[in-house]
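Have a look at start_1.txt below; it lists compact mmCIF, C-alpha atoms and all ligand atoms.
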# COMPACT_ATOMS: atom_id res chain seq x y z
CA MET A 1 0.00 0.00 0.00
CA ALA A 2 1.06 3.55 -0.48
CA VAL A 3 0.03 7.05 0.54
CA LEU A 4 -0.61 8.87 -2.73
CA THR A 5 -0.45 12.56 -3.55
CA ILE A 6 -3.82 14.31 -3.46
CA VAL A 7 -4.05 16.76 -6.34
CA ARG A 8 -5.45 20.22 -5.69
CA MET A 9 -7.81 22.55 -7.50
CA GLY A 10 -6.22 23.50 -10.80
CA HIS A 11 -5.24 19.93 -11.67
CA PRO A 12 -7.14 18.83 -14.80
CA SER A 13 -8.08 15.48 -13.23
CA LEU A 14 -10.50 17.36 -10.95
CA ALA A 15 -12.25 19.09 -13.84
CA ARG A 16 -13.16 16.21 -16.15
CA PRO A 17 -15.64 13.34 -15.90
CA ALA A 18 -14.21 10.00 -14.76
CA ALA A 19 -14.66 6.79 -16.77
CA ARG A 20 -16.92 3.88 -15.81
CA ILE A 21 -15.12 0.87 -14.37
CA GLU A 22 -15.79 -2.30 -16.35
CA ASP A 23 -14.28 -4.72 -13.82
CA PRO A 24 -14.78 -3.65 -10.19
CA THR A 25 -12.93 -6.74 -8.92
CA ALA A 26 -9.68 -5.45 -10.48
CA GLN A 27 -9.61 -2.31 -8.28
CA SER A 28 -8.45 -3.72 -4.93
CA GLN A 29 -4.95 -2.21 -5.13
CA LEU A 30 -6.40 1.21 -5.97
CA VAL A 31 -8.82 0.97 -3.03
CA ALA A 32 -6.04 -0.13 -0.66
CA ASP A 33 -3.90 2.85 -1.68
CA MET A 34 -6.84 5.26 -1.45
CA THR A 35 -7.76 3.90 1.99
CA GLU A 36 -4.24 4.54 3.25
CA THR A 37 -4.19 7.99 1.63
CA LEU A 38 -7.53 8.93 3.19
CA ALA A 39 -6.41 7.74 6.63
CA ALA A 40 -3.23 9.83 6.38
CA SER A 41 -5.23 12.91 5.31
CA GLY A 42 -7.75 12.88 8.15
CA GLY A 43 -10.61 13.30 5.67
CA ILE A 44 -13.81 11.26 5.45
CA GLY A 45 -14.04 10.70 1.72
CA LEU A 46 -11.79 10.46 -1.32
CA ALA A 47 -12.57 10.12 -5.01
CA ALA A 48 -10.18 8.53 -7.51
CA PRO A 49 -9.76 11.74 -9.58
CA GLN A 50 -8.28 13.34 -6.44
CA ILE A 51 -5.28 11.03 -6.79
CA ASN A 52 -5.20 11.60 -10.55
CA VAL A 53 -6.98 8.38 -11.47
CA GLY A 54 -9.86 9.07 -13.85
CA LEU A 55 -12.14 6.23 -12.73
CA GLN A 56 -15.59 6.25 -11.12
CA LEU A 57 -14.60 5.10 -7.66
CA VAL A 58 -14.99 6.77 -4.28
CA ILE A 59 -14.35 5.68 -0.72
CA LEU A 60 -16.07 7.28 2.22
CA SER A 61 -16.97 6.81 5.84
CA VAL A 62 -19.69 8.78 7.56
CA PRO A 63 -19.43 9.20 11.34
CA GLY A 64 -22.71 8.34 13.08
CA SER A 65 -22.23 11.36 15.35
CA ARG A 66 -22.82 13.60 12.31
CA CYS A 67 -26.05 11.88 11.24
CA GLU A 68 -29.60 12.68 12.33
CA ASP A 69 -30.40 9.01 12.89
CA GLY A 70 -27.06 8.32 14.60
CA ARG A 71 -26.26 5.72 11.99
CA GLY A 72 -23.25 6.46 9.88
CA MET A 73 -21.53 4.44 7.21
CA ALA A 74 -18.40 2.37 7.82
CA LEU A 75 -15.63 2.86 5.27
CA THR A 76 -17.24 1.87 1.99
CA CYS A 77 -16.01 1.71 -1.60
CA LEU A 78 -18.55 2.77 -4.23
CA ILE A 79 -17.84 1.99 -7.88
CA ASN A 80 -19.82 3.56 -10.75
CA PRO A 81 -22.14 5.32 -8.29
CA GLU A 82 -25.37 7.02 -9.31
CA ILE A 83 -27.47 9.40 -7.24
CA GLU A 84 -31.09 10.50 -7.55
CA PRO A 85 -32.85 13.03 -5.33
CA LEU A 86 -35.92 11.61 -3.56
CA SER A 87 -37.36 15.02 -2.78
CA GLN A 88 -36.82 18.49 -4.16
CA GLN A 89 -35.73 19.80 -0.76
CA GLN A 90 -32.21 21.21 -0.57
CA VAL A 91 -30.32 22.10 2.59
CA ASP A 92 -27.33 24.37 3.17
CA GLY A 93 -24.24 23.15 4.98
CA TYR A 94 -20.52 23.81 5.21
CA GLU A 95 -18.22 21.62 3.12
CA ALA A 96 -14.49 21.26 2.77
CA CYS A 97 -12.38 19.25 0.36
CA LEU A 98 -8.93 17.68 0.51
CA SER A 99 -8.29 19.14 -2.95
CA VAL A 100 -9.09 22.66 -1.74
CA PRO A 101 -7.10 22.65 1.50
CA GLY A 102 -7.90 25.15 4.21
CA LEU A 103 -11.13 26.47 2.75
CA THR A 104 -14.76 25.88 3.62
CA GLY A 105 -18.03 27.23 2.30
CA ILE A 106 -21.78 26.74 2.35
CA VAL A 107 -23.16 24.43 -0.33
CA PRO A 108 -26.80 23.50 -1.03
CA ARG A 109 -27.37 19.75 -1.40
CA TRP A 110 -30.32 17.40 -1.79
CA GLN A 111 -31.64 16.47 1.66
CA HIS A 112 -32.77 12.95 0.70
CA ILE A 113 -31.22 10.81 -2.02
CA TYR A 114 -31.20 7.29 -3.40
CA TYR A 115 -27.80 5.92 -4.38
CA ARG A 116 -26.76 2.86 -6.32
CA ALA A 117 -23.24 1.59 -6.99
CA GLN A 118 -21.16 -1.55 -7.23
CA GLY A 119 -18.84 -2.81 -4.54
CA LEU A 120 -15.34 -4.18 -5.03
CA ASP A 121 -16.90 -7.62 -5.56
CA GLY A 122 -19.10 -6.20 -8.32
CA ALA A 123 -22.28 -6.65 -6.27
CA LEU A 124 -24.98 -3.99 -6.15
CA ILE A 125 -24.86 -1.54 -3.24
CA GLU A 126 -27.94 0.65 -2.89
CA GLY A 127 -29.66 2.66 -0.26
CA GLU A 128 -31.14 5.94 0.81
CA ALA A 129 -29.29 8.68 2.61
CA LYS A 130 -30.37 11.90 4.28
CA GLY A 131 -28.75 15.02 5.64
CA TYR A 132 -25.01 14.87 6.24
CA HIS A 133 -24.72 11.33 4.88
CA ALA A 134 -26.43 12.44 1.65
CA ARG A 135 -24.15 15.51 1.53
CA VAL A 136 -20.96 13.44 1.71
CA LEU A 137 -22.20 11.14 -1.05
CA GLN A 138 -23.07 14.09 -3.29
CA HIS A 139 -19.71 15.77 -2.64
CA GLU A 140 -17.70 12.64 -3.45
CA CYS A 141 -19.75 11.72 -6.52
CA ASP A 142 -19.38 15.29 -7.80
CA HIS A 143 -15.64 14.59 -8.09
CA LEU A 144 -16.54 11.88 -10.63
CA TRP A 145 -18.43 14.38 -12.76
CA GLY A 146 -15.54 16.88 -12.63
CA ARG A 147 -17.20 19.20 -10.11
CA LEU A 148 -15.76 20.78 -6.96
CA TYR A 149 -18.04 22.08 -4.20
CA LEU A 150 -17.00 25.64 -5.02
CA SER A 151 -18.93 25.45 -8.28
CA ARG A 152 -22.06 24.37 -6.36
CA MET A 153 -21.97 27.34 -3.97
CA ARG A 154 -24.70 29.96 -4.33
CA ASP A 155 -23.02 32.60 -2.19
CA LEU A 156 -19.24 32.90 -2.52
CA GLU A 157 -19.25 35.30 0.42
CA THR A 158 -19.58 32.25 2.70
CA LEU A 159 -16.20 30.97 1.44
CA ALA A 160 -13.67 31.16 4.25
CA PHE A 161 -10.47 29.75 5.62
CA ARG A 162 -11.70 27.13 8.07
CA ASP A 163 -9.25 27.93 10.88
CA GLU A 164 -10.01 31.67 10.62
CA LEU A 165 -13.76 31.02 10.67
CA LEU A 166 -13.54 28.69 13.68
CA ARG A 167 -11.27 31.04 15.63
CA ASN A 168 -13.61 33.97 15.14
CA MET A 169 -16.73 31.93 15.89
CA ALA A 170 -15.11 30.81 19.15
CA GLU A 171 -14.30 34.42 20.05
CA GLU A 172 -17.84 35.54 19.34
CA GLU A 173 -19.21 32.83 21.59
CA ALA A 174 -16.78 33.63 24.41
NI NI B 201 -13.69 16.75 -2.13

Using structure tokens, write down the structure that the file contains.
Ligand code: NI
Amino acid sequence: MAVLTIVRMGHPSLARPAARIEDPTAQSQLVADMTETLAASGGIGLAAPQINVGLQLVILSVPGSRCEDGRGMALTCLINPEIEPLSQQQVDGYEACLSVPGLTGIVPRWQHIYYRAQGLDGALIEGEAKGYHARVLQHECDHLWGRLYLSRMRDLETLAFRDELLRNMAEEEA
């Protein structure tokens, strides 16, 4: 296994659609390397284009503490994922991205989605997700369509350096 370099905004891999994977069972080395890279980064999700691999594969884990129902998602690999909104409701929330280090901003996302993908064994993985869980899935899948969260923001004035924002929020609360 290896910790790989995460490319940052400006790299063309982040701006183009990724290709469908014909044989999910052949991706175990890629997933092992991405898992190690994600662990080293401290993030919760990573898409293959972020390590300059133009394939439709993401890994993500969703902490239960961040979910309304308390149920998160253990580290999961999704291959060729598809997402459909199950209601028209969108919700605002802060996002950050390993390819846009240091920044955070408010992004509208579908509140309730259905997702479908293949696992590393090629089997179907499907389910519904709401709230933060749905947000993480939408963020990671966006990487496969060549989109960064910045291009989903409605109000660029909410864009901030995360440490600056947190420091000033803490001072206002004190
Ligand atoms: Ni990202």

Within 8 Å of ligand NI 201 (chain B) (counting all atoms listed in the file), which residues show up? I'd like them as a list in words.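 I would give the residues around ligand NI 201 (chain B) as Gly45, Leu46, Ala47, Gln50, Ala96, Cys97, Leu98, Ser99, Val100, His139, Glu140, His143, Leu148 and Tyr149 of chain A.
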
Identify the residues around (-14.0, 6.2, -7.5) within a radius of 9 Å, measuring from all atoms listed in the file in the coordinates stated by the file, and give them as an MDAnalysis selection string. chainID A and resid 18 21 31 46:49 53:59 77:81 140:141 143:144

In terms of only C-alpha atoms, the residue from A:Ser61, A:Thr5, A:Gln29, A:Thr158 at minimal distance from Ser41 (chain A) is A:Thr5

How many Å lie between CA of Leu159 (chain A) and CA of Gly93 (chain A), rounded to one decimal?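 Atom-to-atom, CA of Leu159 (chain A) to CA of Gly93 (chain A), that is 11.8 Å.
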
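Among the candidate residues A:Gln89, A:Pro24, A:Pro101, A:Met73, the one lying nearest to Val7 (chain A) is A:Pro101, with distances computed using only C-alpha atoms.
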
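Nearest to Glu157 (chain A) of all the residues A:Ile6, A:Ile44, A:Gly105, A:Arg16 is A:Gly105, counting only C-alpha atoms.
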
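With all atoms listed in the file as the atoms that count, the residue of A:Val91, A:Ala117, A:Met153, A:Cys67 with the shortest distance to His133 (chain A) is A:Cys67.
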